[in-house]
$ cat query-v6.cif   # mmCIF, C-alpha atoms
data_model
#
loop_
_atom_site.label_atom_id
_atom_site.label_comp_id
_atom_site.auth_asym_id
_atom_site.auth_seq_id
_atom_site.Cartn_x
_atom_site.Cartn_y
_atom_site.Cartn_z
CA MET A 148 86.14 109.03 99.65
CA ALA A 149 89.77 109.47 100.72
CA THR A 150 91.57 112.73 100.09
CA PHE A 151 94.73 111.26 98.55
CA ASP A 152 94.93 110.71 94.81
CA PHE A 153 94.18 106.97 94.82
CA GLN A 154 93.02 107.04 91.19
CA GLY A 155 96.24 108.71 90.00
CA ILE A 156 98.41 106.31 92.01
CA ALA A 157 96.43 103.34 90.66
CA THR A 158 96.72 104.49 87.05
CA GLN A 159 100.47 105.06 87.39
CA PHE A 160 100.99 101.74 89.18
CA VAL A 161 99.07 99.72 86.58
CA GLU A 162 101.01 101.27 83.73
CA HIS A 163 104.32 100.60 85.49
CA TYR A 164 103.29 97.05 86.39
CA TYR A 165 102.30 95.96 82.88
CA THR A 166 105.20 97.78 81.18
CA THR A 167 107.57 95.92 83.50
CA PHE A 168 105.68 92.65 82.93
CA ASP A 169 105.88 93.00 79.16
CA THR A 170 109.53 94.09 78.98
CA ASP A 171 111.39 92.34 81.85
CA ARG A 172 109.18 90.45 84.24
CA SER A 173 112.13 89.42 86.45
CA LYS A 174 111.86 92.96 87.87
CA LEU A 175 108.26 92.50 89.08
CA VAL A 176 109.57 90.95 92.31
CA HIS A 177 110.45 94.47 93.53
CA LEU A 178 106.75 95.41 93.56
CA TYR A 179 105.97 92.73 96.20
CA ARG A 180 107.05 92.25 99.85
CA GLU A 181 107.54 89.20 102.07
CA ASN A 182 103.85 89.06 103.07
CA SER A 183 102.49 89.65 99.56
CA MET A 184 100.12 87.15 97.94
CA LEU A 185 99.47 86.15 94.36
CA THR A 186 96.63 83.95 93.13
CA PHE A 187 97.33 83.22 89.47
CA GLU A 188 94.62 81.15 87.79
CA GLY A 189 93.79 79.59 91.16
CA THR A 190 97.39 78.84 92.19
CA GLN A 191 98.53 80.66 95.34
CA GLN A 192 101.97 82.09 96.14
CA LEU A 193 103.07 83.80 99.35
CA GLY A 194 105.99 86.24 99.55
CA ALA A 195 107.86 88.31 96.97
CA VAL A 196 110.38 85.57 96.15
CA ASN A 197 107.73 82.95 95.37
CA VAL A 198 105.54 85.44 93.52
CA GLY A 199 108.52 86.60 91.46
CA GLU A 200 109.49 83.02 90.55
CA LYS A 201 105.92 82.20 89.54
CA LEU A 202 105.73 85.23 87.25
CA VAL A 203 109.15 84.65 85.67
CA ASN A 204 108.35 81.00 85.00
CA LEU A 205 104.97 81.49 83.32
CA PRO A 206 104.93 79.41 80.14
CA PHE A 207 105.37 82.13 77.53
CA ARG A 208 108.28 84.25 76.36
CA LYS A 209 106.68 87.26 74.74
CA VAL A 210 103.66 88.89 76.35
CA LYS A 211 101.71 92.07 75.80
CA HIS A 212 98.93 93.38 78.08
CA GLN A 213 96.21 95.56 76.57
CA TYR A 214 93.90 97.00 79.22
CA GLY A 215 91.28 99.61 79.90
CA ALA A 216 91.33 102.37 82.51
CA PRO A 217 91.69 100.79 85.97
CA ASP A 218 88.98 101.38 88.58
CA ALA A 219 90.33 102.24 92.02
CA GLN A 220 89.00 102.77 95.55
CA PRO A 221 90.73 103.63 98.84
CA THR A 222 90.51 101.21 101.77
CA ALA A 223 89.95 102.14 105.43
CA ALA A 224 93.58 101.22 106.21
CA GLY A 225 95.07 103.62 103.63
CA GLY A 226 95.46 101.07 100.85
CA ILE A 227 94.07 101.06 97.31
CA ILE A 228 91.92 98.39 95.64
CA ILE A 229 92.25 98.23 91.85
CA LEU A 230 90.32 96.25 89.25
CA VAL A 231 91.69 95.93 85.72
CA THR A 232 90.22 94.07 82.77
CA GLY A 233 92.07 93.56 79.53
CA GLN A 234 93.54 91.13 77.06
CA LEU A 235 96.81 89.20 77.00
CA VAL A 236 98.63 88.48 73.79
CA VAL A 237 101.25 85.78 74.31
CA ASP A 238 104.02 84.60 71.98
CA ASP A 239 102.70 84.19 68.45
CA GLU A 240 99.10 83.43 69.43
CA GLN A 241 96.67 85.34 67.23
CA ARG A 242 93.82 85.15 69.71
CA PRO A 243 94.03 87.59 72.66
CA LEU A 244 93.06 86.13 76.04
CA PRO A 245 90.63 88.26 78.08
CA TYR A 246 91.69 88.58 81.72
CA SER A 247 90.75 90.29 84.91
CA GLN A 248 93.12 91.29 87.73
CA ALA A 249 92.55 92.74 91.19
CA PHE A 250 95.36 94.44 93.14
CA HIS A 251 95.45 95.68 96.71
CA LEU A 252 98.27 98.20 97.11
CA CYS A 253 99.72 99.17 100.50
CA GLN A 254 102.51 101.53 101.53
CA ASP A 255 105.68 100.22 103.17
CA PRO A 256 107.27 102.13 106.10
CA THR A 257 109.28 104.26 103.63
CA GLY A 258 106.06 105.32 101.89
CA GLN A 259 106.61 103.19 98.79
CA TRP A 260 103.56 101.47 97.33
CA PHE A 261 103.72 97.69 96.96
CA VAL A 262 101.33 94.90 96.01
CA PHE A 263 99.88 93.18 99.08
CA ASN A 264 97.16 91.21 97.25
CA ASP A 265 97.15 90.20 93.58
CA ILE A 266 94.51 87.98 91.96
CA PHE A 267 94.73 87.18 88.26
CA LYS A 268 92.09 85.25 86.29
CA LEU A 269 91.62 84.54 82.63
CA VAL A 270 88.02 85.22 81.59
CA LEU A 271 86.78 82.32 79.52
CA GLY A 272 84.00 83.20 77.11
CA MET B 62 98.40 83.14 104.71
CA ALA B 63 95.92 83.96 107.47
CA THR B 64 94.60 81.23 109.73
CA PHE B 65 90.90 82.10 109.43
CA ASP B 66 88.81 80.49 106.71
CA PHE B 67 88.84 83.41 104.26
CA GLN B 68 88.09 81.13 101.31
CA GLY B 69 85.02 79.64 103.00
CA ILE B 70 83.73 83.06 104.06
CA ALA B 71 84.30 84.39 100.53
CA THR B 72 82.48 81.49 98.89
CA GLN B 73 79.52 81.83 101.26
CA PHE B 74 79.41 85.61 100.86
CA VAL B 75 79.46 85.49 97.05
CA GLU B 76 76.66 82.94 96.94
CA HIS B 77 74.57 85.01 99.37
CA TYR B 78 75.32 88.23 97.48
CA TYR B 79 74.28 86.99 94.03
CA THR B 80 71.26 85.04 95.32
CA THR B 81 70.04 88.24 96.99
CA PHE B 82 70.86 90.27 93.86
CA ASP B 83 68.90 87.90 91.63
CA THR B 84 65.86 87.51 93.89
CA ASP B 85 65.36 90.83 95.74
CA ARG B 86 68.13 93.35 95.23
CA SER B 87 66.50 95.90 97.55
CA LYS B 88 68.01 93.78 100.35
CA LEU B 89 71.61 94.24 99.16
CA VAL B 90 71.79 97.52 101.10
CA HIS B 91 72.21 95.49 104.32
CA LEU B 92 75.56 94.14 103.07
CA TYR B 93 77.06 97.66 102.97
CA ARG B 94 77.85 100.28 105.66
CA GLU B 95 78.00 104.09 105.67
CA ASN B 96 81.63 104.16 104.50
CA SER B 97 81.18 101.48 101.79
CA MET B 98 82.03 102.23 98.17
CA LEU B 99 80.68 100.93 94.88
CA THR B 100 82.17 101.57 91.45
CA PHE B 101 79.68 100.23 88.92
CA GLU B 102 80.84 100.54 85.32
CA GLY B 103 82.94 103.56 86.31
CA THR B 104 80.22 105.34 88.33
CA GLN B 105 81.07 105.79 92.03
CA GLN B 106 78.74 105.63 95.03
CA LEU B 107 79.64 106.22 98.67
CA GLY B 108 77.60 104.82 101.58
CA ALA B 109 75.09 102.01 101.92
CA VAL B 110 72.08 104.20 101.07
CA ASN B 111 73.56 105.44 97.79
CA VAL B 112 74.95 102.03 96.88
CA GLY B 113 71.57 100.41 97.59
CA GLU B 114 69.73 102.97 95.45
CA LYS B 115 72.15 102.51 92.58
CA LEU B 116 71.70 98.73 92.64
CA VAL B 117 67.90 98.87 92.92
CA ASN B 118 67.66 101.33 90.03
CA LEU B 119 69.82 99.43 87.55
CA PRO B 120 67.95 99.35 84.24
CA PHE B 121 66.75 95.75 84.22
CA ARG B 122 64.04 93.83 86.03
CA LYS B 123 65.12 90.20 85.85
CA VAL B 124 68.76 89.31 86.36
CA LYS B 125 70.71 86.10 86.82
CA HIS B 126 74.40 85.86 87.73
CA GLN B 127 76.37 82.81 86.60
CA TYR B 128 79.86 82.75 88.08
CA GLY B 129 82.87 80.58 88.73
CA ALA B 130 84.56 79.78 92.04
CA PRO B 131 85.66 83.07 93.65
CA ASP B 132 89.36 83.61 94.41
CA ALA B 133 90.01 85.06 97.87
CA GLN B 134 92.96 86.38 99.88
CA PRO B 135 93.22 87.81 103.42
CA THR B 136 94.45 91.39 103.93
CA ALA B 137 96.87 92.59 106.62
CA ALA B 138 93.98 94.36 108.40
CA GLY B 139 91.83 91.22 108.73
CA GLY B 140 89.72 91.79 105.64
CA ILE B 141 89.19 89.59 102.58
CA ILE B 142 89.79 90.48 98.92
CA ILE B 143 87.63 88.54 96.44
CA LEU B 144 87.68 88.39 92.65
CA VAL B 145 84.75 86.88 90.76
CA THR B 146 84.27 86.52 87.02
CA GLY B 147 81.02 85.42 85.47
CA GLN B 148 78.16 86.24 83.17
CA LEU B 149 75.04 88.31 83.64
CA VAL B 150 71.77 87.39 81.97
CA VAL B 151 69.33 90.32 82.08
CA ASP B 152 65.62 90.41 81.21
CA ASP B 153 64.98 88.56 77.98
CA GLU B 154 68.41 89.13 76.46
CA GLN B 155 69.75 85.96 74.88
CA ARG B 156 73.38 87.05 75.03
CA PRO B 157 75.03 86.74 78.47
CA LEU B 158 77.27 89.67 79.46
CA PRO B 159 80.69 88.68 80.83
CA TYR B 160 81.61 90.63 83.97
CA SER B 161 84.24 90.86 86.62
CA GLN B 162 83.75 92.01 90.22
CA ALA B 163 86.16 92.68 93.08
CA PHE B 164 84.97 92.84 96.70
CA HIS B 165 86.83 93.85 99.84
CA LEU B 166 85.02 92.48 102.89
CA CYS B 167 85.58 93.82 106.41
CA GLN B 168 84.07 92.93 109.78
CA ASP B 169 81.93 95.44 111.67
CA PRO B 170 82.31 95.79 115.50
CA THR B 171 79.74 92.99 115.99
CA GLY B 172 81.83 90.64 113.86
CA GLN B 173 79.50 90.71 110.86
CA TRP B 174 81.13 90.81 107.42
CA PHE B 175 80.18 93.68 105.14
CA VAL B 176 81.32 95.06 101.79
CA PHE B 177 83.78 97.92 102.18
CA ASN B 178 84.90 98.06 98.53
CA ASP B 179 82.95 96.83 95.50
CA ILE B 180 84.08 97.30 91.89
CA PHE B 181 81.95 95.91 89.06
CA LYS B 182 82.93 95.95 85.38
CA LEU B 183 81.44 94.41 82.29
CA VAL B 184 84.14 92.69 80.23
CA LEU B 185 83.71 93.70 76.62
CA GLY B 186 85.11 91.23 74.12
#

$ encode --input "query-v6.cif" --output "structure tokens"
Amino acid sequence: MATFDFQGIATQFVEHYYTTFDTDRSKLVHLYRENSMLTFEGTQQLGAVNVGEKLVNLPFRKVKHQYGAPDAQPTAAGGIIILVTGQLVVDDEQRPLPYSQAFHLCQDPTGQWFVFNDIFKLVLG
Amino acid sequence: MATFDFQGIATQFVEHYYTTFDTDRSKLVHLYRENSMLTFEGTQQLGAVNVGEKLVNLPFRKVKHQYGAPDAQPTAAGGIIILVTGQLVVDDEQRPLPYSQAFHLCQDPTGQWFVFNDIFKLVLG
């Protein structure tokens, strides 16, 4: 596999992503770029602005992600594919919602990692 | 998003993949190439031969995948990212096992789609 520390970058990214999501999700927009894509429960958004709006306007106020160790793999083009599974606790719901999320991270010209592809699905039992 | 039919290719691929898996998984090796990667429940394999062996030697004889519509997105490099969630029924187990699987498909020089990245996780409730 690739010689860069894709697993370390993935672990750090996922922690940063969900901490930001759970504390101030208006800041998530900075993790996307103008060609980024989000598919959230089957609804597609293109571009950081649209993705950011979608995330900010999700119909809950409080949210907490609980998740296991992410699995990561490098791509041929120098990106990183990540798969996370976990549970969402929203507002005052007692029942956690199992979810699954795939990210494809790429580096921008300054070397900063951003989310190129993002697919989020609730897992219905 | 991209102009090629990434959703159609993804849907067709996923159906072909799981039908092959459930009927004769020794043939799955043909969907991978020498630089393909599989992470199966945290265990990593590199290359079609190793991936194929891992899949053939999984500890069950009969298996049936039940899954929902796959979500797909194009990548900047002309690939396709796919996220599938579903349930596995193995051997004579009554209880289906929820799982989640991310694929990154690429085209080989002949234009044939193959699996570059494959991450499979059981979703434990």

$ resolve_selection --input "query-v6.cif" --expression "the PyMOL selection byres ((chain A) within 10 of (chain B))" --output "ChimeraX atom specification"
/A:148,182-194,215-224,227-234,243-251,253,263-272

$ resolve_selection --input "query-v6.cif" --expression "the PyMOL selection byres ((chain B and resi 116) around 10)" --output "list in words"
Phe82, Arg86, Ser87, Lys88, Leu89, Val90, Leu99, Phe101, Asn111, Val112, Gly113, Glu114, Lys115, Val117, Asn118, Leu119 and Pro120 of chain B

$ atom_distance --input "query-v6.cif" --atom1 "atom CA of Phe207 of chain A" --atom2 "atom CA of Phe261 of chain A"
24.9 Å

$ residues_around --input "query-v6.cif" --residues "Gln259 of chain A" --least-positions-apart "5" --cutoff "12 Å" --atoms "all atoms listed in the file" --output "PyMOL selection string"
chain A and resi 156+160+177-180+226+252-254

$ residues_around --input "query-v6.cif" --residues "Asp152 of chain B" --least-positions-apart "6" --cutoff "8 Å" --atoms "all atoms listed in the file" --output "PyMOL selection string"
chain B and resi 121-124

$ calpha_fit_and_write --input "query-v6.cif" --fixed "chain A" --moving "chain B" --output "short mmCIF file (atom, residue, chain, number, x, y, z; two decimals) with C-alpha atoms, in the frame of the given file"
data_model
loop_
_atom_site.label_atom_id
_atom_site.label_comp_id
_atom_site.auth_asym_id
_atom_site.auth_seq_id
_atom_site.Cartn_x
_atom_site.Cartn_y
_atom_site.Cartn_z
CA MET B 62 86.16 109.00 99.62
CA ALA B 63 89.76 109.48 100.73
CA THR B 64 91.55 112.74 100.07
CA PHE B 65 94.72 111.26 98.56
CA ASP B 66 94.93 110.71 94.82
CA PHE B 67 94.19 106.97 94.82
CA GLN B 68 93.03 107.05 91.20
CA GLY B 69 96.24 108.71 90.01
CA ILE B 70 98.42 106.31 92.00
CA ALA B 71 96.43 103.35 90.66
CA THR B 72 96.72 104.49 87.05
CA GLN B 73 100.47 105.05 87.39
CA PHE B 74 100.98 101.74 89.18
CA VAL B 75 99.07 99.72 86.58
CA GLU B 76 101.00 101.27 83.72
CA HIS B 77 104.32 100.60 85.49
CA TYR B 78 103.27 97.05 86.39
CA TYR B 79 102.29 95.96 82.87
CA THR B 80 105.19 97.77 81.18
CA THR B 81 107.57 95.91 83.50
CA PHE B 82 105.67 92.64 82.93
CA ASP B 83 105.88 93.00 79.15
CA THR B 84 109.53 94.08 78.98
CA ASP B 85 111.40 92.34 81.83
CA ARG B 86 109.18 90.46 84.25
CA SER B 87 112.12 89.42 86.44
CA LYS B 88 111.85 92.95 87.86
CA LEU B 89 108.25 92.50 89.07
CA VAL B 90 109.57 90.95 92.30
CA HIS B 91 110.45 94.47 93.53
CA LEU B 92 106.75 95.41 93.56
CA TYR B 93 105.98 92.74 96.19
CA ARG B 94 107.04 92.24 99.85
CA GLU B 95 107.53 89.18 102.06
CA ASN B 96 103.86 89.06 103.08
CA SER B 97 102.49 89.65 99.54
CA MET B 98 100.12 87.15 97.95
CA LEU B 99 99.47 86.15 94.35
CA THR B 100 96.62 83.96 93.14
CA PHE B 101 97.31 83.23 89.48
CA GLU B 102 94.61 81.15 87.80
CA GLY B 103 93.78 79.59 91.17
CA THR B 104 97.39 78.83 92.20
CA GLN B 105 98.53 80.67 95.35
CA GLN B 106 101.97 82.10 96.14
CA LEU B 107 103.06 83.80 99.35
CA GLY B 108 106.00 86.23 99.53
CA ALA B 109 107.87 88.30 96.97
CA VAL B 110 110.39 85.55 96.16
CA ASN B 111 107.73 82.95 95.37
CA VAL B 112 105.54 85.44 93.53
CA GLY B 113 108.52 86.60 91.45
CA GLU B 114 109.47 83.02 90.55
CA LYS B 115 105.92 82.19 89.55
CA LEU B 116 105.73 85.22 87.25
CA VAL B 117 109.15 84.64 85.67
CA ASN B 118 108.35 80.99 84.99
CA LEU B 119 104.98 81.50 83.31
CA PRO B 120 104.96 79.41 80.14
CA PHE B 121 105.39 82.13 77.53
CA ARG B 122 108.29 84.26 76.35
CA LYS B 123 106.69 87.28 74.72
CA VAL B 124 103.67 88.89 76.34
CA LYS B 125 101.70 92.07 75.80
CA HIS B 126 98.93 93.38 78.07
CA GLN B 127 96.20 95.55 76.57
CA TYR B 128 93.91 96.99 79.22
CA GLY B 129 91.29 99.61 79.91
CA ALA B 130 91.32 102.39 82.51
CA PRO B 131 91.70 100.80 85.96
CA ASP B 132 88.98 101.39 88.57
CA ALA B 133 90.34 102.25 92.02
CA GLN B 134 89.00 102.78 95.55
CA PRO B 135 90.73 103.64 98.85
CA THR B 136 90.51 101.22 101.79
CA ALA B 137 89.93 102.14 105.44
CA ALA B 138 93.57 101.22 106.22
CA GLY B 139 95.06 103.61 103.64
CA GLY B 140 95.46 101.07 100.86
CA ILE B 141 94.07 101.07 97.32
CA ILE B 142 91.92 98.39 95.65
CA ILE B 143 92.25 98.23 91.85
CA LEU B 144 90.34 96.24 89.25
CA VAL B 145 91.69 95.94 85.71
CA THR B 146 90.22 94.06 82.76
CA GLY B 147 92.08 93.56 79.53
CA GLN B 148 93.55 91.14 77.05
CA LEU B 149 96.79 89.21 77.01
CA VAL B 150 98.63 88.49 73.78
CA VAL B 151 101.26 85.77 74.31
CA ASP B 152 104.03 84.60 71.97
CA ASP B 153 102.71 84.19 68.46
CA GLU B 154 99.12 83.44 69.42
CA GLN B 155 96.68 85.35 67.24
CA ARG B 156 93.82 85.15 69.72
CA PRO B 157 94.03 87.59 72.65
CA LEU B 158 93.06 86.13 76.05
CA PRO B 159 90.63 88.26 78.08
CA TYR B 160 91.69 88.58 81.72
CA SER B 161 90.76 90.30 84.91
CA GLN B 162 93.12 91.30 87.73
CA ALA B 163 92.55 92.75 91.20
CA PHE B 164 95.36 94.45 93.14
CA HIS B 165 95.45 95.68 96.72
CA LEU B 166 98.27 98.21 97.12
CA CYS B 167 99.72 99.18 100.50
CA GLN B 168 102.51 101.54 101.53
CA ASP B 169 105.68 100.20 103.16
CA PRO B 170 107.27 102.12 106.11
CA THR B 171 109.26 104.25 103.63
CA GLY B 172 106.05 105.31 101.90
CA GLN B 173 106.60 103.20 98.79
CA TRP B 174 103.54 101.46 97.33
CA PHE B 175 103.72 97.70 96.94
CA VAL B 176 101.33 94.89 96.02
CA PHE B 177 99.87 93.19 99.08
CA ASN B 178 97.16 91.21 97.25
CA ASP B 179 97.16 90.20 93.58
CA ILE B 180 94.50 87.99 91.97
CA PHE B 181 94.73 87.19 88.26
CA LYS B 182 92.10 85.26 86.29
CA LEU B 183 91.63 84.54 82.63
CA VAL B 184 88.03 85.23 81.60
CA LEU B 185 86.80 82.32 79.53
CA GLY B 186 83.98 83.16 77.15
#

$ atom_distance --input "query-v6.cif" --atom1 "atom CA of Val110 of chain B" --atom2 "atom CA of Asp169 of chain B"
16.9 Å

$ closest_residue --input "query-v6.cif" --among "A:Tyr165, A:Gln159, A:Thr150, A:Trp260" --to "Gln213 of chain A" --atoms "only C-alpha atoms"
A:Tyr165

$ atom_distance --input "query-v6.cif" --atom1 "atom CA of Val75 of chain B" --atom2 "atom CA of Phe153 of chain A"
26.1 Å

$ closest_residue --input "query-v6.cif" --among "B:Gly139, B:Lys125, B:Glu95, B:Thr171" --to "Glu154 of chain B" --atoms "all atoms listed in the file"
B:Lys125

$ closest_residue --input "query-v6.cif" --among "B:Phe65, B:His77, B:Val151, B:Ala109" --to "Val176 of chain B" --atoms "all atoms listed in the file"
B:Ala109
